[in-house]
>>> print(open('upload07.cif').read())   # mmCIF, N, CA and C atoms
data_run
loop_
_atom_site.group_PDB
_atom_site.id
_atom_site.type_symbol
_atom_site.label_atom_id
_atom_site.label_comp_id
_atom_site.auth_asym_id
_atom_site.auth_seq_id
_atom_site.Cartn_x
_atom_site.Cartn_y
_atom_site.Cartn_z
ATOM 1 N N MET A 32 7.216 13.961 -15.803
ATOM 2 C CA MET A 32 8.581 14.345 -15.554
ATOM 3 C C MET A 32 8.607 15.780 -15.043
ATOM 4 N N GLN A 33 9.427 16.005 -14.031
ATOM 5 C CA GLN A 33 9.560 17.368 -13.528
ATOM 6 C C GLN A 33 10.474 18.164 -14.441
ATOM 7 N N SER A 34 10.391 19.454 -14.347
ATOM 8 C CA SER A 34 11.151 20.341 -15.220
ATOM 9 C C SER A 34 12.644 20.200 -14.948
ATOM 10 N N PRO A 35 13.459 20.028 -16.000
ATOM 11 C CA PRO A 35 14.907 19.885 -15.790
ATOM 12 C C PRO A 35 15.519 21.204 -15.322
ATOM 13 N N GLN A 36 16.543 21.112 -14.486
ATOM 14 C CA GLN A 36 17.190 22.300 -13.941
ATOM 15 C C GLN A 36 18.412 22.719 -14.752
ATOM 16 N N THR A 37 19.005 21.786 -15.508
ATOM 17 C CA THR A 37 20.174 22.099 -16.333
ATOM 18 C C THR A 37 19.986 21.490 -17.712
ATOM 19 N N ILE A 38 20.808 21.957 -18.642
ATOM 20 C CA ILE A 38 20.754 21.417 -20.001
ATOM 21 C C ILE A 38 21.168 19.953 -19.999
ATOM 22 N N GLU A 39 22.140 19.588 -19.173
ATOM 23 C CA GLU A 39 22.585 18.189 -19.098
ATOM 24 C C GLU A 39 21.460 17.271 -18.644
ATOM 25 N N GLU A 40 20.679 17.712 -17.653
ATOM 26 C CA GLU A 40 19.530 16.915 -17.206
ATOM 27 C C GLU A 40 18.512 16.757 -18.322
ATOM 28 N N LEU A 41 18.271 17.818 -19.060
ATOM 29 C CA LEU A 41 17.333 17.762 -20.181
ATOM 30 C C LEU A 41 17.819 16.767 -21.225
ATOM 31 N N LEU A 42 19.094 16.850 -21.596
ATOM 32 C CA LEU A 42 19.628 15.951 -22.625
ATOM 33 C C LEU A 42 19.584 14.499 -22.164
ATOM 34 N N ARG A 43 19.905 14.243 -20.899
ATOM 35 C CA ARG A 43 19.847 12.868 -20.387
ATOM 36 C C ARG A 43 18.411 12.345 -20.385
ATOM 37 N N ALA A 44 17.458 13.200 -20.018
ATOM 38 C CA ALA A 44 16.052 12.780 -19.986
ATOM 39 C C ALA A 44 15.545 12.465 -21.390
ATOM 40 N N VAL A 45 15.910 13.300 -22.351
ATOM 41 C CA VAL A 45 15.471 13.065 -23.733
ATOM 42 C C VAL A 45 16.143 11.811 -24.279
ATOM 43 N N ALA A 46 17.427 11.620 -24.001
ATOM 44 C CA ALA A 46 18.135 10.422 -24.477
ATOM 45 C C ALA A 46 17.561 9.158 -23.840
ATOM 46 N N ALA A 47 17.158 9.237 -22.565
ATOM 47 C CA ALA A 47 16.581 8.071 -21.887
ATOM 48 C C ALA A 47 15.248 7.669 -22.498
ATOM 49 N N LYS A 48 14.544 8.622 -23.087
ATOM 50 C CA LYS A 48 13.258 8.331 -23.728
ATOM 51 C C LYS A 48 13.409 8.009 -25.212
ATOM 52 N N GLY A 49 14.632 7.766 -25.681
ATOM 53 C CA GLY A 49 14.837 7.384 -27.074
ATOM 54 C C GLY A 49 15.029 8.556 -28.019
ATOM 55 N N GLY A 50 15.303 9.743 -27.499
ATOM 56 C CA GLY A 50 15.558 10.899 -28.351
ATOM 57 C C GLY A 50 14.371 11.804 -28.560
ATOM 58 N N LYS A 51 13.240 11.489 -27.911
ATOM 59 C CA LYS A 51 12.025 12.290 -28.086
ATOM 60 C C LYS A 51 11.294 12.338 -26.753
ATOM 61 N N LEU A 52 10.895 13.536 -26.354
ATOM 62 C CA LEU A 52 10.208 13.712 -25.086
ATOM 63 C C LEU A 52 9.001 14.606 -25.306
ATOM 64 N N ASP A 53 7.835 14.163 -24.852
ATOM 65 C CA ASP A 53 6.595 14.917 -24.996
ATOM 66 C C ASP A 53 6.140 15.417 -23.634
ATOM 67 N N GLY A 54 5.554 16.594 -23.623
ATOM 68 C CA GLY A 54 5.021 17.114 -22.378
ATOM 69 C C GLY A 54 4.380 18.473 -22.566
ATOM 70 N N LEU A 55 3.687 18.915 -21.547
ATOM 71 C CA LEU A 55 3.014 20.212 -21.583
ATOM 72 C C LEU A 55 3.989 21.308 -21.178
ATOM 73 N N GLY A 56 4.033 22.373 -21.954
ATOM 74 C CA GLY A 56 4.815 23.539 -21.596
ATOM 75 C C GLY A 56 6.309 23.457 -21.819
ATOM 76 N N PHE A 57 6.798 22.432 -22.510
ATOM 77 C CA PHE A 57 8.241 22.329 -22.751
ATOM 78 C C PHE A 57 8.766 23.484 -23.604
ATOM 79 N N ALA A 58 7.984 23.952 -24.546
ATOM 80 C CA ALA A 58 8.458 24.995 -25.448
ATOM 81 C C ALA A 58 8.705 26.311 -24.711
ATOM 82 N N ASP A 59 8.044 26.526 -23.582
ATOM 83 C CA ASP A 59 8.201 27.763 -22.826
ATOM 84 C C ASP A 59 9.237 27.660 -21.714
ATOM 85 N N ASP A 60 9.791 26.473 -21.472
ATOM 86 C CA ASP A 60 10.764 26.292 -20.404
ATOM 87 C C ASP A 60 12.092 26.966 -20.779
ATOM 88 N N GLU A 61 12.697 27.653 -19.829
ATOM 89 C CA GLU A 61 13.927 28.411 -20.086
ATOM 90 C C GLU A 61 15.088 27.490 -20.462
ATOM 91 N N ILE A 62 15.208 26.343 -19.823
ATOM 92 C CA ILE A 62 16.291 25.401 -20.133
ATOM 93 C C ILE A 62 16.140 24.871 -21.555
ATOM 94 N N VAL A 63 14.918 24.578 -21.961
ATOM 95 C CA VAL A 63 14.667 24.088 -23.317
ATOM 96 C C VAL A 63 15.010 25.176 -24.335
ATOM 97 N N LYS A 64 14.671 26.420 -24.028
ATOM 98 C CA LYS A 64 15.004 27.524 -24.934
ATOM 99 C C LYS A 64 16.513 27.681 -25.083
ATOM 100 N N GLN A 65 17.262 27.529 -23.990
ATOM 101 C CA GLN A 65 18.712 27.627 -24.052
ATOM 102 C C GLN A 65 19.304 26.483 -24.877
ATOM 103 N N ALA A 66 18.802 25.273 -24.667
ATOM 104 C CA ALA A 66 19.301 24.120 -25.421
ATOM 105 C C ALA A 66 18.980 24.273 -26.902
ATOM 106 N N ARG A 67 17.823 24.834 -27.196
ATOM 107 C CA ARG A 67 17.441 25.048 -28.598
ATOM 108 C C ARG A 67 18.335 26.105 -29.247
ATOM 109 N N SER A 68 18.644 27.169 -28.507
ATOM 110 C CA SER A 68 19.503 28.215 -29.071
ATOM 111 C C SER A 68 20.922 27.716 -29.301
ATOM 112 N N GLN A 69 21.350 26.709 -28.549
ATOM 113 C CA GLN A 69 22.673 26.118 -28.741
ATOM 114 C C GLN A 69 22.676 25.035 -29.808
ATOM 115 N N GLY A 70 21.508 24.708 -30.353
ATOM 116 C CA GLY A 70 21.412 23.712 -31.412
ATOM 117 C C GLY A 70 21.461 22.282 -30.915
ATOM 118 N N LEU A 71 21.104 22.052 -29.659
ATOM 119 C CA LEU A 71 21.146 20.706 -29.091
ATOM 120 C C LEU A 71 19.835 19.954 -29.257
ATOM 121 N N VAL A 72 18.718 20.685 -29.294
ATOM 122 C CA VAL A 72 17.400 20.059 -29.423
ATOM 123 C C VAL A 72 16.558 20.822 -30.429
ATOM 124 N N ASP A 73 15.577 20.126 -30.964
ATOM 125 C CA ASP A 73 14.539 20.728 -31.798
ATOM 126 C C ASP A 73 13.241 20.669 -31.004
ATOM 127 N N VAL A 74 12.458 21.737 -31.066
ATOM 128 C CA VAL A 74 11.212 21.806 -30.304
ATOM 129 C C VAL A 74 10.058 22.001 -31.267
ATOM 130 N N ASP A 75 9.036 21.163 -31.130
ATOM 131 C CA ASP A 75 7.789 21.313 -31.862
ATOM 132 C C ASP A 75 6.716 21.705 -30.856
ATOM 133 N N ALA A 76 6.263 22.935 -30.957
ATOM 134 C CA ALA A 76 5.226 23.414 -30.034
ATOM 135 C C ALA A 76 3.907 22.737 -30.359
ATOM 136 N N GLY A 77 3.156 22.414 -29.345
ATOM 137 C CA GLY A 77 1.875 21.757 -29.533
ATOM 138 C C GLY A 77 0.855 22.678 -30.163
ATOM 139 N N ASN A 78 -0.095 22.079 -30.856
ATOM 140 C CA ASN A 78 -1.146 22.883 -31.469
ATOM 141 C C ASN A 78 -2.293 23.072 -30.484
ATOM 142 N N ALA A 79 -3.304 23.765 -30.893
ATOM 143 C CA ALA A 79 -4.423 24.056 -30.006
ATOM 144 C C ALA A 79 -5.209 22.805 -29.626
ATOM 145 N N TRP A 80 -5.093 21.761 -30.406
ATOM 146 C CA TRP A 80 -5.855 20.547 -30.133
ATOM 147 C C TRP A 80 -5.168 19.679 -29.085
ATOM 148 N N THR A 81 -3.870 19.423 -29.252
ATOM 149 C CA THR A 81 -3.174 18.518 -28.332
ATOM 150 C C THR A 81 -2.483 19.246 -27.192
ATOM 151 N N MET A 82 -1.936 20.433 -27.433
ATOM 152 C CA MET A 82 -1.210 21.233 -26.455
ATOM 153 C C MET A 82 0.007 20.506 -25.875
ATOM 154 N N VAL A 83 0.530 19.508 -26.562
ATOM 155 C CA VAL A 83 1.688 18.759 -26.095
ATOM 156 C C VAL A 83 2.889 19.180 -26.934
ATOM 157 N N ASP A 84 3.931 19.648 -26.253
ATOM 158 C CA ASP A 84 5.163 20.038 -26.926
ATOM 159 C C ASP A 84 6.080 18.825 -27.035
ATOM 160 N N THR A 85 6.849 18.767 -28.118
ATOM 161 C CA THR A 85 7.783 17.669 -28.342
ATOM 162 C C THR A 85 9.193 18.219 -28.434
ATOM 163 N N VAL A 86 10.096 17.631 -27.661
ATOM 164 C CA VAL A 86 11.511 17.991 -27.687
ATOM 165 C C VAL A 86 12.258 16.797 -28.258
ATOM 166 N N ARG A 87 13.027 17.042 -29.335
ATOM 167 C CA ARG A 87 13.810 15.979 -29.976
ATOM 168 C C ARG A 87 15.273 16.393 -30.005
ATOM 169 N N LEU A 88 16.148 15.408 -29.872
ATOM 170 C CA LEU A 88 17.569 15.680 -30.043
ATOM 171 C C LEU A 88 17.852 15.937 -31.508
ATOM 172 N N THR A 89 18.763 16.843 -31.797
ATOM 173 C CA THR A 89 19.174 17.066 -33.178
ATOM 174 C C THR A 89 19.952 15.841 -33.647
ATOM 175 N N PRO A 90 20.067 15.623 -34.961
ATOM 176 C CA PRO A 90 20.800 14.448 -35.446
ATOM 177 C C PRO A 90 22.227 14.357 -34.908
ATOM 178 N N THR A 91 22.915 15.472 -34.826
ATOM 179 C CA THR A 91 24.281 15.455 -34.300
ATOM 180 C C THR A 91 24.290 15.099 -32.823
ATOM 181 N N GLN A 92 23.355 15.664 -32.082
ATOM 182 C CA GLN A 92 23.306 15.403 -30.645
ATOM 183 C C GLN A 92 22.901 13.964 -30.355
ATOM 184 N N ARG A 93 22.108 13.350 -31.231
ATOM 185 C CA ARG A 93 21.759 11.930 -31.059
ATOM 186 C C ARG A 93 23.019 11.082 -31.041
ATOM 187 N N LEU A 94 23.951 11.380 -31.948
ATOM 188 C CA LEU A 94 25.200 10.613 -32.007
ATOM 189 C C LEU A 94 26.054 10.875 -30.772
ATOM 190 N N VAL A 95 26.083 12.124 -30.316
ATOM 191 C CA VAL A 95 26.867 12.469 -29.126
ATOM 192 C C VAL A 95 26.323 11.740 -27.900
ATOM 193 N N MET A 96 25.017 11.607 -27.801
ATOM 194 C CA MET A 96 24.396 10.958 -26.649
ATOM 195 C C MET A 96 24.393 9.430 -26.773
ATOM 196 N N GLY A 97 24.922 8.897 -27.870
ATOM 197 C CA GLY A 97 25.030 7.450 -28.028
ATOM 198 C C GLY A 97 23.810 6.779 -28.605
ATOM 199 N N LEU A 98 22.894 7.544 -29.185
ATOM 200 C CA LEU A 98 21.707 6.961 -29.820
ATOM 201 C C LEU A 98 21.987 6.725 -31.301
ATOM 202 N N PRO A 99 21.359 5.731 -31.896
ATOM 203 C CA PRO A 99 21.578 5.493 -33.325
ATOM 204 C C PRO A 99 20.965 6.612 -34.163
ATOM 205 N N PRO A 100 21.557 6.878 -35.316
ATOM 206 C CA PRO A 100 20.988 7.913 -36.185
ATOM 207 C C PRO A 100 19.648 7.466 -36.752
ATOM 208 N N ILE A 101 18.837 8.444 -37.101
ATOM 209 C CA ILE A 101 17.549 8.146 -37.723
ATOM 210 C C ILE A 101 17.772 8.045 -39.222
ATOM 211 N N VAL A 102 17.522 6.876 -39.775
ATOM 212 C CA VAL A 102 17.695 6.643 -41.201
ATOM 213 C C VAL A 102 16.307 6.518 -41.804
ATOM 214 N N GLN A 103 16.008 7.440 -42.710
ATOM 215 C CA GLN A 103 14.692 7.404 -43.327
ATOM 216 C C GLN A 103 14.698 6.433 -44.497
ATOM 217 N N LYS A 104 13.669 5.628 -44.569
ATOM 218 C CA LYS A 104 13.527 4.672 -45.659
ATOM 219 C C LYS A 104 12.933 5.386 -46.864
ATOM 220 N N PRO A 105 13.341 4.977 -48.077
ATOM 221 C CA PRO A 105 12.760 5.616 -49.256
ATOM 222 C C PRO A 105 11.273 5.283 -49.372
ATOM 223 N N SER A 106 10.537 6.204 -49.942
ATOM 224 C CA SER A 106 9.098 6.003 -50.087
ATOM 225 C C SER A 106 8.815 5.004 -51.196
ATOM 226 N N VAL A 107 7.597 4.515 -51.223
ATOM 227 C CA VAL A 107 7.172 3.575 -52.257
ATOM 228 C C VAL A 107 7.245 4.245 -53.629
ATOM 229 N N LEU A 108 6.879 5.514 -53.696
ATOM 230 C CA LEU A 108 6.939 6.251 -54.953
ATOM 231 C C LEU A 108 8.378 6.338 -55.472
ATOM 232 N N ALA A 109 9.332 6.646 -54.591
ATOM 233 C CA ALA A 109 10.729 6.743 -55.006
ATOM 234 C C ALA A 109 11.250 5.388 -55.497
ATOM 235 N N LEU A 110 10.891 4.315 -54.815
ATOM 236 C CA LEU A 110 11.323 2.984 -55.239
ATOM 237 C C LEU A 110 10.726 2.612 -56.592
ATOM 238 N N THR A 111 9.463 2.944 -56.795
ATOM 239 C CA THR A 111 8.792 2.643 -58.069
ATOM 240 C C THR A 111 9.415 3.425 -59.213
ATOM 241 N N LEU A 112 9.656 4.722 -58.999
ATOM 242 C CA LEU A 112 10.270 5.537 -60.049
ATOM 243 C C LEU A 112 11.674 5.059 -60.382
ATOM 244 N N HIS A 113 12.418 4.627 -59.385
ATOM 245 C CA HIS A 113 13.761 4.098 -59.633
ATOM 246 C C HIS A 113 13.689 2.820 -60.451
ATOM 247 N N ALA A 114 12.748 1.946 -60.150
ATOM 248 C CA ALA A 114 12.595 0.698 -60.893
ATOM 249 C C ALA A 114 12.197 0.978 -62.342
ATOM 250 N N VAL A 115 11.302 1.949 -62.559
ATOM 251 C CA VAL A 115 10.883 2.305 -63.913
ATOM 252 C C VAL A 115 12.055 2.895 -64.686
ATOM 253 N N ALA A 116 12.817 3.767 -64.073
ATOM 254 C CA ALA A 116 13.973 4.370 -64.748
ATOM 255 C C ALA A 116 15.023 3.331 -65.087
ATOM 256 N N THR A 117 15.242 2.380 -64.201
ATOM 257 C CA THR A 117 16.206 1.308 -64.473
ATOM 258 C C THR A 117 15.741 0.439 -65.631
ATOM 259 N N ALA A 118 14.457 0.082 -65.638
ATOM 260 C CA ALA A 118 13.928 -0.733 -66.738
ATOM 261 C C ALA A 118 14.002 0.031 -68.055
ATOM 262 N N PHE A 119 13.675 1.319 -68.029
ATOM 263 C CA PHE A 119 13.747 2.143 -69.232
ATOM 264 C C PHE A 119 15.185 2.212 -69.754
ATOM 265 N N ALA A 120 16.139 2.364 -68.870
ATOM 266 C CA ALA A 120 17.545 2.428 -69.277
ATOM 267 C C ALA A 120 18.015 1.101 -69.858
ATOM 268 N N LYS A 121 17.548 -0.004 -69.320
ATOM 269 C CA LYS A 121 17.936 -1.315 -69.852
ATOM 270 C C LYS A 121 17.352 -1.543 -71.241
ATOM 271 N N ILE A 122 16.101 -1.120 -71.439
ATOM 272 C CA ILE A 122 15.441 -1.352 -72.729
ATOM 273 C C ILE A 122 15.993 -0.433 -73.807
ATOM 274 N N PHE A 123 16.117 0.864 -73.515
ATOM 275 C CA PHE A 123 16.498 1.831 -74.526
ATOM 276 C C PHE A 123 17.933 2.310 -74.401
ATOM 277 N N GLY A 124 18.687 1.722 -73.528
ATOM 278 C CA GLY A 124 20.075 2.151 -73.327
ATOM 279 C C GLY A 124 20.958 1.764 -74.502
ATOM 280 N N SER A 125 22.075 2.450 -74.609
ATOM 281 C CA SER A 125 23.022 2.197 -75.683
ATOM 282 C C SER A 125 23.737 0.881 -75.439
ATOM 283 N N ARG A 126 23.876 0.075 -76.502
ATOM 284 C CA ARG A 126 24.546 -1.209 -76.379
ATOM 285 C C ARG A 126 26.057 -1.083 -76.634
ATOM 286 N N ARG A 127 26.463 0.005 -77.221
ATOM 287 C CA ARG A 127 27.888 0.172 -77.501
ATOM 288 C C ARG A 127 28.462 1.262 -76.598
ATOM 289 N N PRO A 128 29.722 1.148 -76.274
ATOM 290 C CA PRO A 128 30.325 2.144 -75.395
ATOM 291 C C PRO A 128 30.455 3.497 -76.084
ATOM 292 N N LEU A 129 30.372 4.544 -75.324
ATOM 293 C CA LEU A 129 30.520 5.880 -75.850
ATOM 294 C C LEU A 129 31.990 6.168 -76.125
ATOM 295 N N PRO A 130 32.268 7.000 -77.183
ATOM 296 C CA PRO A 130 33.685 7.275 -77.500
ATOM 297 C C PRO A 130 34.336 8.136 -76.459
#
>>> encode(input="upload07.cif", output="structure tokens")
Amino acid sequence: MQSPQTIEELLRAVAAKGGKLDGLGFADDEIVKQARSQGLVDVDAGNAWTMVDTVRLTPTQRLVMGLPPIVQKPSVLALTLHAVATAFAKIFGSRRPLP
């Protein structure tokens, strides 16, 4: 992809790729810096191994661009702890209502 000339072009390109765009040198691009300062995108600079920068739409901007929100699923640990706490409450819970 060639470098976007406006913030609108950048947002459309990121939205067309599903809300995430990878490439070399995105973190140093002036348009990306402006969009980041306005809170429209999040930028993850590449490390020394991959050197690929990632530009993501912020959660609010995802909704503005018509993309579905990212819903994180609970971890296996959280589900297990919830099940244990529920079982513990059923076994040792009070059988009579509190005054």
>>> residues_around(input="upload07.cif", residues="Gly54 of chain A", least_positions_apart="3", cutoff="7 Å", atoms="only C-alpha atoms", output="ChimeraX atom specification")
/A:57,83-85
>>> select_by_dssp(input="upload07.cif", residues="chain A", states="strand (DSSP E or B)", output="number ranges by chain")
A: 51-54, 72-75, 84-88
>>> resolve_selection(input="upload07.cif", expression="the PyMOL selection byres ((chain A and resi 86) around 7)", output="PDB file with N, CA and C atoms, in the frame of the given file")
ATOM      1  N   VAL A  45      15.910  13.300 -22.351  1.00  0.00           N
ATOM      2  CA  VAL A  45      15.471  13.065 -23.733  1.00  0.00           C
ATOM      3  C   VAL A  45      16.143  11.811 -24.279  1.00  0.00           C
ATOM      4  N   GLY A  50      15.303   9.743 -27.499  1.00  0.00           N
ATOM      5  CA  GLY A  50      15.558  10.899 -28.351  1.00  0.00           C
ATOM      6  C   GLY A  50      14.371  11.804 -28.560  1.00  0.00           C
ATOM      7  N   LYS A  51      13.240  11.489 -27.911  1.00  0.00           N
ATOM      8  CA  LYS A  51      12.025  12.290 -28.086  1.00  0.00           C
ATOM      9  C   LYS A  51      11.294  12.338 -26.753  1.00  0.00           C
ATOM     10  N   LEU A  52      10.895  13.536 -26.354  1.00  0.00           N
ATOM     11  CA  LEU A  52      10.208  13.712 -25.086  1.00  0.00           C
ATOM     12  C   LEU A  52       9.001  14.606 -25.306  1.00  0.00           C
ATOM     13  N   ASP A  53       7.835  14.163 -24.852  1.00  0.00           N
ATOM     14  CA  ASP A  53       6.595  14.917 -24.996  1.00  0.00           C
ATOM     15  C   ASP A  53       6.140  15.417 -23.634  1.00  0.00           C
ATOM     16  N   GLY A  54       5.554  16.594 -23.623  1.00  0.00           N
ATOM     17  CA  GLY A  54       5.021  17.114 -22.378  1.00  0.00           C
ATOM     18  C   GLY A  54       4.380  18.473 -22.566  1.00  0.00           C
ATOM     19  N   VAL A  72      18.718  20.685 -29.294  1.00  0.00           N
ATOM     20  CA  VAL A  72      17.400  20.059 -29.423  1.00  0.00           C
ATOM     21  C   VAL A  72      16.558  20.822 -30.429  1.00  0.00           C
ATOM     22  N   ASP A  73      15.577  20.126 -30.964  1.00  0.00           N
ATOM     23  CA  ASP A  73      14.539  20.728 -31.798  1.00  0.00           C
ATOM     24  C   ASP A  73      13.241  20.669 -31.004  1.00  0.00           C
ATOM     25  N   VAL A  74      12.458  21.737 -31.066  1.00  0.00           N
ATOM     26  CA  VAL A  74      11.212  21.806 -30.304  1.00  0.00           C
ATOM     27  C   VAL A  74      10.058  22.001 -31.267  1.00  0.00           C
ATOM     28  N   ASP A  75       9.036  21.163 -31.130  1.00  0.00           N
ATOM     29  CA  ASP A  75       7.789  21.313 -31.862  1.00  0.00           C
ATOM     30  C   ASP A  75       6.716  21.705 -30.856  1.00  0.00           C
ATOM     31  N   ASP A  84       3.931  19.648 -26.253  1.00  0.00           N
ATOM     32  CA  ASP A  84       5.163  20.038 -26.926  1.00  0.00           C
ATOM     33  C   ASP A  84       6.080  18.825 -27.035  1.00  0.00           C
ATOM     34  N   THR A  85       6.849  18.767 -28.118  1.00  0.00           N
ATOM     35  CA  THR A  85       7.783  17.669 -28.342  1.00  0.00           C
ATOM     36  C   THR A  85       9.193  18.219 -28.434  1.00  0.00           C
ATOM     37  N   ARG A  87      13.027  17.042 -29.335  1.00  0.00           N
ATOM     38  CA  ARG A  87      13.810  15.979 -29.976  1.00  0.00           C
ATOM     39  C   ARG A  87      15.273  16.393 -30.005  1.00  0.00           C
ATOM     40  N   LEU A  88      16.148  15.408 -29.872  1.00  0.00           N
ATOM     41  CA  LEU A  88      17.569  15.680 -30.043  1.00  0.00           C
ATOM     42  C   LEU A  88      17.852  15.937 -31.508  1.00  0.00           C
TER      43      LEU A  88
END
>>> atom_distance(input="upload07.cif", atom1="atom CA of Glu61 of chain A", atom2="atom N of Ala76 of chain A")
14.4 Å
>>> select_by_dssp(input="upload07.cif", residues="chain A", states="alpha helix (DSSP H)", output="JSON, numbers by chain")
{"A": [38, 39, 40, 41, 42, 43, 44, 45, 46, 47, 61, 62, 63, 64, 65, 66, 67, 68, 90, 91, 92, 93, 94, 95, 107, 108, 109, 110, 111, 112, 113, 114, 115, 116, 117, 118, 119, 120, 121, 122, 123]}
>>> residues_around(input="upload07.cif", residues="Glu39 of chain A", least_positions_apart="2", cutoff="12 Å", atoms="only C-alpha atoms", output="list in words")
Pro35, Gln36, Thr37, Leu41, Leu42, Arg43, Ala44, Val45, Ala46, Ile62, Val63, Gln65, Ala66, Leu71, Val72, Gln92 and Met96 of chain A
>>> axis_aligned_box(input="upload07.cif", around="segment 52-61 of chain A", padding_each_side="5 Å", output="lines of an AutoDock Vina configuration file")
center_x = 9.1
center_y = 21.0
center_z = -23.1
size_x = 22.1
size_y = 24.9
size_z = 16.5
>>> atom_distance(input="upload07.cif", atom1="atom C of Arg93 of chain A", atom2="atom C of Ala47 of chain A")
12.0 Å
>>> residues_around(input="upload07.cif", residues="Pro100 of chain A", least_positions_apart="5", cutoff="8 Å", atoms="all atoms listed in the file", output="VMD selection string")
chain A and resid 90 to 91 93 to 94
>>> atom_distance(input="upload07.cif", atom1="atom CA of Gly70 of chain A", atom2="atom CA of Ser106 of chain A")
28.5 Å
>>> closest_residue(input="upload07.cif", among="A:Arg67, A:Thr81, A:Ala118, A:Gly49", to="Leu98 of chain A", atoms="all atoms listed in the file")
A:Gly49
